[in-house]
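Report on the following structure.
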Amino acid sequence: MDLNYITGILTLAGINLMAVLGLSLLTGFTGMFSFGHAGFMAIGGYTSAMMTVKFGLPFIPALLIGGLVAALVSSVIGKLTLNLKGDYFCIATLGFGEAIRLILDNVQYFGGARGWPGIPHHTNLLNVVIINIVAIFILANIVRSKHGRNMIAVREEELASQIVGINVFRYKLISLMISAAYAGIAGGLMAHYMTFLQPKMFSLTKSTELTIIVIFGGLGSISGSVLGALVLTSLPEILRAFSNWRLVIYGLAVVIIMITRPSGLMGGYELTPSSMKTLYTRMKNKNKGLPNQMEGGKTI
Amino acid sequence: MSQLLQQLINGLSIGSVYALMAVGYSLVYSIMNFSNFAHGGVIMLGAYFGYYYLTSVGLPFPIAFIASALTTCVLAVIIERGAYKPLRERKAPFLYFIISAMGTSIFLENIVIATIGPTFRTYPEVLSRTPIQLGSVSIGRLDLAMFIISAICLALLVFFIDHTKMGKAIQATAYNIKASALMGINTDLVIIVVFALGGFFAGIAGVLFGMKYTVYPQIGVITNKSFIAAVFGGLGSLPGAVIGSILLGVIETITSGYLSSQYRDLIAFVLLIAVLVFRPRGLMGKVTEDKA
Amino acid sequence: MFKKTLALLLVSLMIVTLALSGCSKPATETGSQAGGADASAGDVIKVGWMGSLTGDQAVWGQCELDTIKMLFEEINAKGGVLGGKKLEVIGYDTKGDPQEAVNVAKRLTGQDKVVAILGPNASGSAIPIAPVLEEAKVPDIATVATNPKVTVLDGKVKPYNFRVCFIDPYQGAVAAGYGYDVLGFRKAAILYDVADDYSQGLTEFFEEFFTTKGGTIVAKEAFKFGDVDFRPQLSKIKDANPEVLFLPVFFKEAALIANQARELGITAPLMGGDGLPSEQLFTMAKDAVQGTYIVNHVDYDDPEVQDLKSRYKNKYGKELELNGYLAHDAVVLLVDAIERAGSADSVKITEALETADVKGVTGRIKIGKDTHNPEGKEAAIVKIEGDKYVFQQKYSAKLD
């Protein structure tokens, strides 16, 4: 395998991971399903590209501004839609994603549907990895904090959490805003990796792809999201030689995973040094004939 | 004035296409409480079956029409057995159903591309394309036929649900699946029937869509609009699905005709959000209580 | 539990086997028949292809790839290039997606080590691969990517991007000029795809040139990719009463628009760019598209293209689509460059491409050093009569 090619795929996996981490907080920890995250990526991507190209800002501040703008937009959308239940929220976010794309198609300042070439190339594997490590660190701390536990409570029993005094709406909004900020930064990374932006890149397919990665990795597991992003970004590349059949296999694999291992790759477990140790002891116990508890995973 | 009339007719005709697609989708939602995104794939296959029954098999149109609807019936049930039943048995949360549905939809679209190929197919002309002229307003024969067929099918469906034992069982299951099972209703059978009905409507929608426009693997994309229409009208409600679809069709045409065709979908989306802000369950959505 | 593990194992096994067999046997097609297998690696020149094999434009992508395979087979049967080296094409699907295109370009240049890339057909895919090409120093010859920014950005030519087709401003100028000067249209309506780069570009340039000439755009309506019903827009256009309806779209939409326009009683002739010509247009809307004028890359009746047409039809049993002609010219251009470079070195091929001047089926291709476009290429105006694209005339427009 060629190094340049692998680096390219890993960089892309890293960019996807950034968006997936945010979505993991929203879907995996707060239990809400979004079909519009490509829209937040688009907002972040176009904003940060505007910062570097039109205002000459350095890369990192531009990324952060992109994330910030995405979070602000999400707060407006969230205020309107977060009270909606289940599929209503899904379809509303679906409509949001499509609407963002339509606006970008029409705005000639950004090149409209014809796209925006000539964005400087800043994203590389090194800074993607560093940004992701920082992002994982922040996310892990959020999840383990009181706020993170409240979010999980909202996911598990919305009504009950409301009764025990958790401000459900507020936690949903915080979760949505953080996830949008992550998606926005991912969009910025994408813009400076591709050096080209086109509204087409942020289609509904992109949003569903992100959600599939979160579920594949396992709801409520950050390490699952990391594994999911790595596996599912490279899977289509590995299957590239099958041209038309690769998406058939991809679709089938998604269904089979859902019905055989619905808790995803990690099934709510985290891959931390201590859990590795537990796993190791379990493996040893298994050899002694004790039941293996990792098998079924934790159902959510 | 004549333009407004023409636009209303256009809107009704587009709306009735959405309605046919939204009904099957809403029906499944009423029982299963999740968005069956594989519905678009089944509609697409319905269009292909209709095309091949007409051309390769050479069936006369009415028989080909029914045959493809029956084929998608079976197909929808197979999808239910394969992709949803295992989840149902495990009482998985609705997220898993949606992901499974999306996987199925990716699978269906791409298996058609891989086997039949990506080219467009055109139905042989069953009805003349020359429209009926009423003054300066023209009404397509196919549009009229579609409108009538949709109306008949919907009427039959309403009759079935209101006046047969199975229909009542469906209503009961939609109201509360657990309690219905306790009352001795075979909910598994009800679910099969609902998917079969959904598949039947998908087949009809597919064939009519194929006749009117064309057949290609990405037909499923259009169903996104009918999902939005169903949410508009209220998920799980059949009248809601129909009214939402017709409304969306008319709003879209009026927007393109009088406001801006560039921003049509944006305006439709803003309206959707506005409706949801004031009526979080759409215009006439099914009310499900929060499980405490 | 056991069943679950088994199923999971099966899935992983399936993926792994596929991956392994994929690595050992990529979707290549050695042009040579039996002898190809014996040829050692040094005797094979690998050429990449990328384009849409899925999505709306899959018909065209498939045709491009098939044409290139056929031509390479023919060249190899005649003894190959550079005195006996065989040509081999490695083709991948971009799904028309920019991100996929970048992946494909990285794979072709890095993993498969091709000396040049042919395609893609979409500008949105051709633009973002430029940095990859520059890094790998591998040239790309785009087939029908007509956006000016494919080869020139901010006044600077991209060193490794070439193309064999004319560009959008030129196409828009030809359509506007022919419509206004030759056919005498003064009032035009446009129906375009707001979510498509090609459609937006062509709309912009047609509008610009048509209004500068003194014509008026009486209606400019848009739809969004994926739409199938255009009657709301067409009803509005009908009220504006244009003399010509300009359709900067692809054949699927064009066919649907044509059918619906006729249903609504719009009788104005249609006009379109190089997105229209396809055999599919006739199967979908034969009656409705009669009399349509198209700005095309090639005159289908030209005696010089008949040979290529029949060779393709004999081999694949299908009509040759427009993209096939341009893929043919891309192959001609590349083979010429390889021969003149005297080696299969990608940098030398790029140098040779800069000074290329060859004759293809779509006209003379003389690559401009500052634009990497074929200079002064004339457009062929064709008109649909029956199920034929009847050649009207060659037409060239001045851009300033």
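Order determines the names: the first chain of the structure tokens is A, the second B, and so forth; residues in each chain are numbered 1 upward, and ligands are numbered 1 upward as they are shown.
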
Fewer than 2 positions away in the same chain doesn't count, so skip those; otherwise give me all residues within 6 Å of stretch 208-218 of chain C, counting only C-alpha atoms, as a list in words.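 The contact residues come out as Ala173, Ala176, Arg186, Lys187, Ala188, Ala189, Phe205, Phe206 and Ala240 of chain C.
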
Just write the chosen residues, C-alpha atoms, as a PDB file, in the first residue's frame.
```pdb
ATOM      1  CA  ALA C 173     -21.339  32.196 -25.976  1.00  0.00           C
ATOM      2  CA  ALA C 176     -26.298  32.683 -27.208  1.00  0.00           C
ATOM      3  CA  ARG C 186     -34.802  37.674 -29.037  1.00  0.00           C
ATOM      4  CA  LYS C 187     -36.715  36.388 -26.005  1.00  0.00           C
ATOM      5  CA  ALA C 188     -35.305  33.413 -24.153  1.00  0.00           C
ATOM      6  CA  ALA C 189     -36.351  31.554 -21.021  1.00  0.00           C
ATOM      7  CA  PHE C 205     -22.634  32.559 -19.373  1.00  0.00           C
ATOM      8  CA  PHE C 206     -25.638  32.100 -21.633  1.00  0.00           C
ATOM      9  CA  ALA C 240     -43.655  34.756 -20.190  1.00  0.00           C
TER      10      ALA C 240
END
```

So that I can see what lies close to A:Gly95, please list as a PyMOL selection string the residues with an atom at most 9 Å from it, counting only C-alpha atoms and leaving out residues fewer than 3 positions away in the same chain. (chain A and resi 35-36+90-92+98-100) or (chain B and resi 228+265-266+268-270+272-273)

Same residues, C-alpha atoms, output as a short mmCIF file (atom, residue, chain, number, x, y, z; two decimals), in the first residue's frame:
```cif
data_model
loop_
_atom_site.label_atom_id
_atom_site.label_comp_id
_atom_site.auth_asym_id
_atom_site.auth_seq_id
_atom_site.Cartn_x
_atom_site.Cartn_y
_atom_site.Cartn_z
CA PHE A 35 -30.02 13.97 9.75
CA GLY A 36 -28.68 17.48 9.38
CA CYS A 90 -35.19 13.69 12.58
CA ILE A 91 -37.22 15.03 9.69
CA ALA A 92 -36.81 18.61 10.90
CA GLU A 98 -31.22 20.34 2.78
CA ALA A 99 -32.10 23.99 3.34
CA ILE A 100 -28.49 24.90 4.18
CA ILE B 228 -41.61 15.69 4.98
CA ASP B 265 -37.39 24.04 -0.75
CA LEU B 266 -36.15 26.61 1.74
CA ALA B 268 -41.18 24.72 2.29
CA PHE B 269 -38.76 23.90 5.10
CA VAL B 270 -39.44 27.14 6.98
CA LEU B 272 -42.54 22.87 8.07
CA ILE B 273 -40.68 24.23 11.08
#
```

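For the set B:Val126, B:Gly41, B:Phe94, B:Tyr18, the residue with the smallest atom-to-atom gap to B:Pro60 is B:Val126, counting only C-alpha atoms.
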
Output as JSON lines one row per residue of chain C within 7 Å of chain B: the closest atom pair and its distance in Å to one decimal place, counting only C-alpha atoms, sorted by chain and residue number ascending.
```
{"residue": "C:Thr54", "atom": "CA", "partner": "B:Pro118", "partner_atom": "CA", "distance": 6.5}
{"residue": "C:Gly55", "atom": "CA", "partner": "B:Pro118", "partner_atom": "CA", "distance": 6.9}
{"residue": "C:Ala58", "atom": "CA", "partner": "B:Pro118", "partner_atom": "CA", "distance": 6.0}
{"residue": "C:Val59", "atom": "CA", "partner": "B:Thr119", "partner_atom": "CA", "distance": 6.0}
{"residue": "C:Val194", "atom": "CA", "partner": "B:Gln262", "partner_atom": "CA", "distance": 6.6}
{"residue": "C:Glu221", "atom": "CA", "partner": "B:Ser261", "partner_atom": "CA", "distance": 5.9}
{"residue": "C:Ala222", "atom": "CA", "partner": "B:Gln262", "partner_atom": "CA", "distance": 5.1}
{"residue": "C:Phe223", "atom": "CA", "partner": "B:Ser261", "partner_atom": "CA", "distance": 6.4}
{"residue": "C:Gly226", "atom": "CA", "partner": "B:Ile222", "partner_atom": "CA", "distance": 6.8}
{"residue": "C:Val228", "atom": "CA", "partner": "B:Tyr213", "partner_atom": "CA", "distance": 6.8}
{"residue": "C:Arg231", "atom": "CA", "partner": "B:Asn10", "partner_atom": "CA", "distance": 6.4}
{"residue": "C:Pro232", "atom": "CA", "partner": "B:Thr253", "partner_atom": "CA", "distance": 5.1}
{"residue": "C:Gln233", "atom": "CA", "partner": "B:Gly257", "partner_atom": "CA", "distance": 6.1}
{"residue": "C:Ser235", "atom": "CA", "partner": "B:Gln3", "partner_atom": "CA", "distance": 6.7}
{"residue": "C:Lys236", "atom": "CA", "partner": "B:Gly257", "partner_atom": "CA", "distance": 5.8}
{"residue": "C:Leu256", "atom": "CA", "partner": "B:Tyr213", "partner_atom": "CA", "distance": 6.7}
{"residue": "C:Glu263", "atom": "CA", "partner": "B:Pro131", "partner_atom": "CA", "distance": 5.9}
{"residue": "C:Leu264", "atom": "CA", "partner": "B:Ser138", "partner_atom": "CA", "distance": 6.1}
{"residue": "C:Thr283", "atom": "CA", "partner": "B:Thr122", "partner_atom": "CA", "distance": 6.5}
{"residue": "C:Met284", "atom": "CA", "partner": "B:Thr122", "partner_atom": "CA", "distance": 5.6}
```

I'd like to know which of B:Gly249, B:Gly234, B:Gly15, B:Gly50 is closest to chain A, using only C-alpha atoms.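 Ranked by minimum distance to chain A, first place goes to B:Gly234.
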
10 Å contact set for C:Gln111, only C-alpha atoms, chain neighbours under 3 positions out, as a PDB file with N, CA and C atoms, in the first residue's frame:
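Result written to result.pdb:
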```pdb
ATOM      1  N   MET A   1       0.840  -1.198   0.000  1.00  0.00           N
ATOM      2  CA  MET A   1       0.000   0.000   0.000  1.00  0.00           C
ATOM      3  C   MET A   1       0.873   1.244   0.000  1.00  0.00           C
ATOM      4  N   ASP A   2       0.427   2.199  -0.763  1.00  0.00           N
ATOM      5  CA  ASP A   2       1.202   3.428  -0.867  1.00  0.00           C
ATOM      6  C   ASP A   2       0.946   4.330   0.341  1.00  0.00           C
ATOM      7  N   LEU A   3       2.012   4.940   0.842  1.00  0.00           N
ATOM      8  CA  LEU A   3       1.916   5.739   2.066  1.00  0.00           C
ATOM      9  C   LEU A   3       1.010   6.954   1.883  1.00  0.00           C
ATOM     10  N   ASN A   4       1.158   7.610   0.751  1.00  0.00           N
ATOM     11  CA  ASN A   4       0.394   8.822   0.462  1.00  0.00           C
ATOM     12  C   ASN A   4      -1.110   8.527   0.456  1.00  0.00           C
ATOM     13  N   TYR A   5      -1.438   7.392  -0.147  1.00  0.00           N
ATOM     14  CA  TYR A   5      -2.832   6.967  -0.247  1.00  0.00           C
ATOM     15  C   TYR A   5      -3.387   6.672   1.138  1.00  0.00           C
ATOM     16  N   ILE A   6      -2.614   5.941   1.937  1.00  0.00           N
ATOM     17  CA  ILE A   6      -3.061   5.595   3.287  1.00  0.00           C
ATOM     18  C   ILE A   6      -3.213   6.850   4.129  1.00  0.00           C
TER      19      ILE A   6
ATOM     20  N   VAL C 104      -9.879   8.672  -5.124  1.00  0.00           N
ATOM     21  CA  VAL C 104      -9.533   7.915  -6.326  1.00  0.00           C
ATOM     22  C   VAL C 104      -8.210   8.420  -6.892  1.00  0.00           C
ATOM     23  N   ALA C 105      -8.047   9.742  -6.931  1.00  0.00           N
ATOM     24  CA  ALA C 105      -6.804  10.291  -7.479  1.00  0.00           C
ATOM     25  C   ALA C 105      -5.618   9.830  -6.647  1.00  0.00           C
ATOM     26  N   LYS C 106      -5.790   9.805  -5.316  1.00  0.00           N
ATOM     27  CA  LYS C 106      -4.694   9.354  -4.453  1.00  0.00           C
ATOM     28  C   LYS C 106      -4.397   7.883  -4.701  1.00  0.00           C
ATOM     29  N   ARG C 107      -5.463   7.122  -4.870  1.00  0.00           N
ATOM     30  CA  ARG C 107      -5.257   5.698  -5.087  1.00  0.00           C
ATOM     31  C   ARG C 107      -4.564   5.447  -6.426  1.00  0.00           C
ATOM     32  N   LEU C 108      -5.023   6.134  -7.465  1.00  0.00           N
ATOM     33  CA  LEU C 108      -4.457   5.911  -8.789  1.00  0.00           C
ATOM     34  C   LEU C 108      -2.990   6.319  -8.828  1.00  0.00           C
ATOM     35  N   VAL C 114      -0.169   5.020 -11.762  1.00  0.00           N
ATOM     36  CA  VAL C 114      -0.480   5.249 -13.175  1.00  0.00           C
ATOM     37  C   VAL C 114       0.385   6.402 -13.689  1.00  0.00           C
TER      38      VAL C 114
END
```

Residue contacts of C:Leu82 (8 Å, only C-alpha atoms) excluding same-chain residues fewer than 4 positions away, as a list of chain:residue names: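 My list of contacting residues is C:Ile338, C:Glu339, C:Gly342, C:Ser343.
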
Quick check: residues of chain A within 6 Å of chain C, only C-alpha atoms, returned as an MDAnalysis selection string. chainID A and resid 1:2 5 105 113:114 194 196 238:239 241 260

Keeping C-alpha atoms, export the residues of the selection given above as a CSV table (one decimal), in the first residue's frame.
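The file below, out.csv, is the result:
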```csv
chain,number,residue,atom,x,y,z
A,1,MET,CA,0.0,0.0,0.0
A,2,ASP,CA,1.2,3.4,-0.9
A,5,TYR,CA,-2.8,7.0,-0.2
A,105,ASP,CA,-26.2,26.6,-3.9
A,113,ALA,CA,-23.3,25.2,-6.8
A,114,ARG,CA,-20.2,25.5,-8.9
A,194,MET,CA,-10.0,19.2,-0.2
A,196,PHE,CA,-12.4,22.9,-2.6
A,238,ILE,CA,-11.0,-1.4,0.6
A,239,LEU,CA,-14.0,-2.4,-1.4
A,241,ALA,CA,-12.1,-2.6,-6.6
A,260,THR,CA,-26.7,-9.2,15.0
```

Please check the contacts: residues of chain B at most 8 Å away from chain A, using only C-alpha atoms, listed as a PyMOL selection string. chain B and resi 34-35+83-84+86-87+92-93+95-96+99-108+110-111+113-114+227-228+231+262-263+265-266+269+272-273+276-277+280-281+290-292

Can you spit out the residues from that selection as a short mmCIF file (atom, residue, chain, number, x, y, z; two decimals), in the first residue's frame, using N, CA and C atoms?
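Writing the result to selection35.cif gives the following:
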```cif
data_model
loop_
_atom_site.label_atom_id
_atom_site.label_comp_id
_atom_site.auth_asym_id
_atom_site.auth_seq_id
_atom_site.Cartn_x
_atom_site.Cartn_y
_atom_site.Cartn_z
N PHE B 34 -41.60 4.16 13.79
CA PHE B 34 -40.30 4.58 13.25
C PHE B 34 -40.45 4.86 11.75
N SER B 35 -39.56 5.70 11.24
CA SER B 35 -39.61 6.07 9.83
C SER B 35 -38.97 4.97 8.99
N ALA B 83 -35.03 -7.42 8.20
CA ALA B 83 -34.32 -6.28 8.75
C ALA B 83 -34.93 -5.74 10.04
N TYR B 84 -36.22 -5.99 10.27
CA TYR B 84 -36.84 -5.38 11.45
C TYR B 84 -37.24 -6.38 12.53
N PRO B 86 -35.92 -9.12 13.78
CA PRO B 86 -34.94 -9.41 14.83
C PRO B 86 -34.81 -8.27 15.82
N LEU B 87 -34.94 -7.01 15.32
CA LEU B 87 -34.84 -5.86 16.22
C LEU B 87 -36.05 -5.79 17.13
N ALA B 92 -35.48 -3.31 20.46
CA ALA B 92 -34.42 -2.32 20.25
C ALA B 92 -35.04 -0.93 20.12
N PRO B 93 -34.32 0.12 20.51
CA PRO B 93 -34.86 1.47 20.37
C PRO B 93 -35.02 1.85 18.90
N LEU B 95 -33.91 4.04 17.03
CA LEU B 95 -32.72 4.38 16.25
C LEU B 95 -32.25 3.21 15.39
N TYR B 96 -32.27 2.03 16.00
CA TYR B 96 -31.77 0.86 15.29
C TYR B 96 -32.65 0.53 14.10
N ILE B 99 -31.71 2.95 11.34
CA ILE B 99 -30.43 2.63 10.71
C ILE B 99 -30.59 1.40 9.83
N SER B 100 -31.30 0.41 10.35
CA SER B 100 -31.52 -0.80 9.57
C SER B 100 -32.27 -0.46 8.28
N ALA B 101 -33.25 0.44 8.41
CA ALA B 101 -34.03 0.85 7.24
C ALA B 101 -33.13 1.56 6.23
N MET B 102 -32.23 2.40 6.74
CA MET B 102 -31.34 3.11 5.81
C MET B 102 -30.38 2.15 5.13
N GLY B 103 -29.88 1.18 5.90
CA GLY B 103 -29.02 0.17 5.30
C GLY B 103 -29.76 -0.55 4.18
N THR B 104 -31.01 -0.93 4.45
CA THR B 104 -31.82 -1.62 3.44
C THR B 104 -31.97 -0.75 2.20
N SER B 105 -32.21 0.55 2.46
CA SER B 105 -32.43 1.44 1.32
C SER B 105 -31.17 1.58 0.47
N ILE B 106 -29.99 1.67 1.13
CA ILE B 106 -28.73 1.72 0.38
C ILE B 106 -28.56 0.43 -0.42
N PHE B 107 -28.87 -0.68 0.25
CA PHE B 107 -28.74 -1.99 -0.38
C PHE B 107 -29.63 -2.09 -1.63
N LEU B 108 -30.90 -1.72 -1.49
CA LEU B 108 -31.84 -1.87 -2.60
C LEU B 108 -31.43 -1.02 -3.80
N ASN B 110 -28.54 0.15 -4.60
CA ASN B 110 -27.29 -0.23 -5.26
C ASN B 110 -27.33 -1.60 -5.89
N ILE B 111 -28.22 -2.47 -5.38
CA ILE B 111 -28.30 -3.77 -6.03
C ILE B 111 -28.95 -3.60 -7.41
N ILE B 113 -28.53 -0.86 -9.25
CA ILE B 113 -27.47 -0.29 -10.09
C ILE B 113 -26.51 -1.39 -10.53
N ALA B 114 -26.19 -2.30 -9.60
CA ALA B 114 -25.19 -3.32 -9.91
C ALA B 114 -25.73 -4.38 -10.86
N PHE B 227 -41.78 12.03 3.01
CA PHE B 227 -41.58 11.94 4.46
C PHE B 227 -41.89 13.29 5.09
N ILE B 228 -41.36 14.35 4.46
CA ILE B 228 -41.61 15.69 4.98
C ILE B 228 -43.11 15.97 4.98
N VAL B 231 -44.76 14.23 7.87
CA VAL B 231 -44.51 14.93 9.13
C VAL B 231 -45.39 16.17 9.21
N GLN B 262 -35.93 29.29 -7.07
CA GLN B 262 -34.59 29.03 -6.55
C GLN B 262 -34.66 28.61 -5.08
N TYR B 263 -35.53 29.25 -4.32
CA TYR B 263 -35.57 29.01 -2.88
C TYR B 263 -36.79 28.19 -2.45
N ASP B 265 -37.49 25.00 -1.85
CA ASP B 265 -37.39 24.04 -0.75
C ASP B 265 -37.11 24.72 0.58
N LEU B 266 -36.43 25.87 0.51
CA LEU B 266 -36.15 26.61 1.74
C LEU B 266 -37.46 27.10 2.36
N PHE B 269 -39.35 24.33 3.83
CA PHE B 269 -38.76 23.90 5.10
C PHE B 269 -39.14 24.86 6.24
N LEU B 272 -42.50 24.11 7.29
CA LEU B 272 -42.54 22.87 8.07
C LEU B 272 -42.20 23.16 9.52
N ILE B 273 -41.10 23.91 9.71
CA ILE B 273 -40.68 24.23 11.08
C ILE B 273 -41.77 25.05 11.78
N LEU B 276 -44.46 22.83 12.91
CA LEU B 276 -44.03 21.98 14.02
C LEU B 276 -43.88 22.77 15.32
N VAL B 277 -43.51 24.06 15.21
CA VAL B 277 -43.37 24.86 16.42
C VAL B 277 -44.72 25.01 17.10
N PRO B 280 -46.48 20.42 17.47
CA PRO B 280 -45.32 19.53 17.44
C PRO B 280 -45.62 18.14 16.85
N ARG B 281 -46.88 17.79 16.69
CA ARG B 281 -47.18 16.49 16.09
C ARG B 281 -47.80 16.66 14.71
N ASP B 290 -45.73 9.63 26.52
CA ASP B 290 -44.38 9.29 26.96
C ASP B 290 -44.47 8.13 27.90
N LYS B 291 -43.62 7.18 27.70
CA LYS B 291 -43.59 6.09 28.66
C LYS B 291 -42.91 6.60 29.92
N ALA B 292 -43.58 6.41 31.01
CA ALA B 292 -43.01 6.94 32.25
C ALA B 292 -42.20 5.85 32.94
#
```

Could you tell me how far atom CA of B:Phe195 lies from atom CA of B:Asp162, in Å and to one decimal? 17.7 Å

Run DSSP on the backbone and give me the residues of stretch 29-256 of chain B it puts in strand (DSSP E or B), as a list in words. Arg121, Ile132, Gln133, Leu134, Val137, Ser138, Ile139 and Val215 of chain B

Top pick for closest residue to C:Lys383, considering C:Val361, C:Val289, C:Leu308, C:Leu326 and counting only C-alpha atoms: C:Val289

Between atom CA of C:Val305 and atom CA of C:His328, what is the distance, to one decimal in Å?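 Separation of atom CA of C:Val305 and atom CA of C:His328: 10.4 Å.
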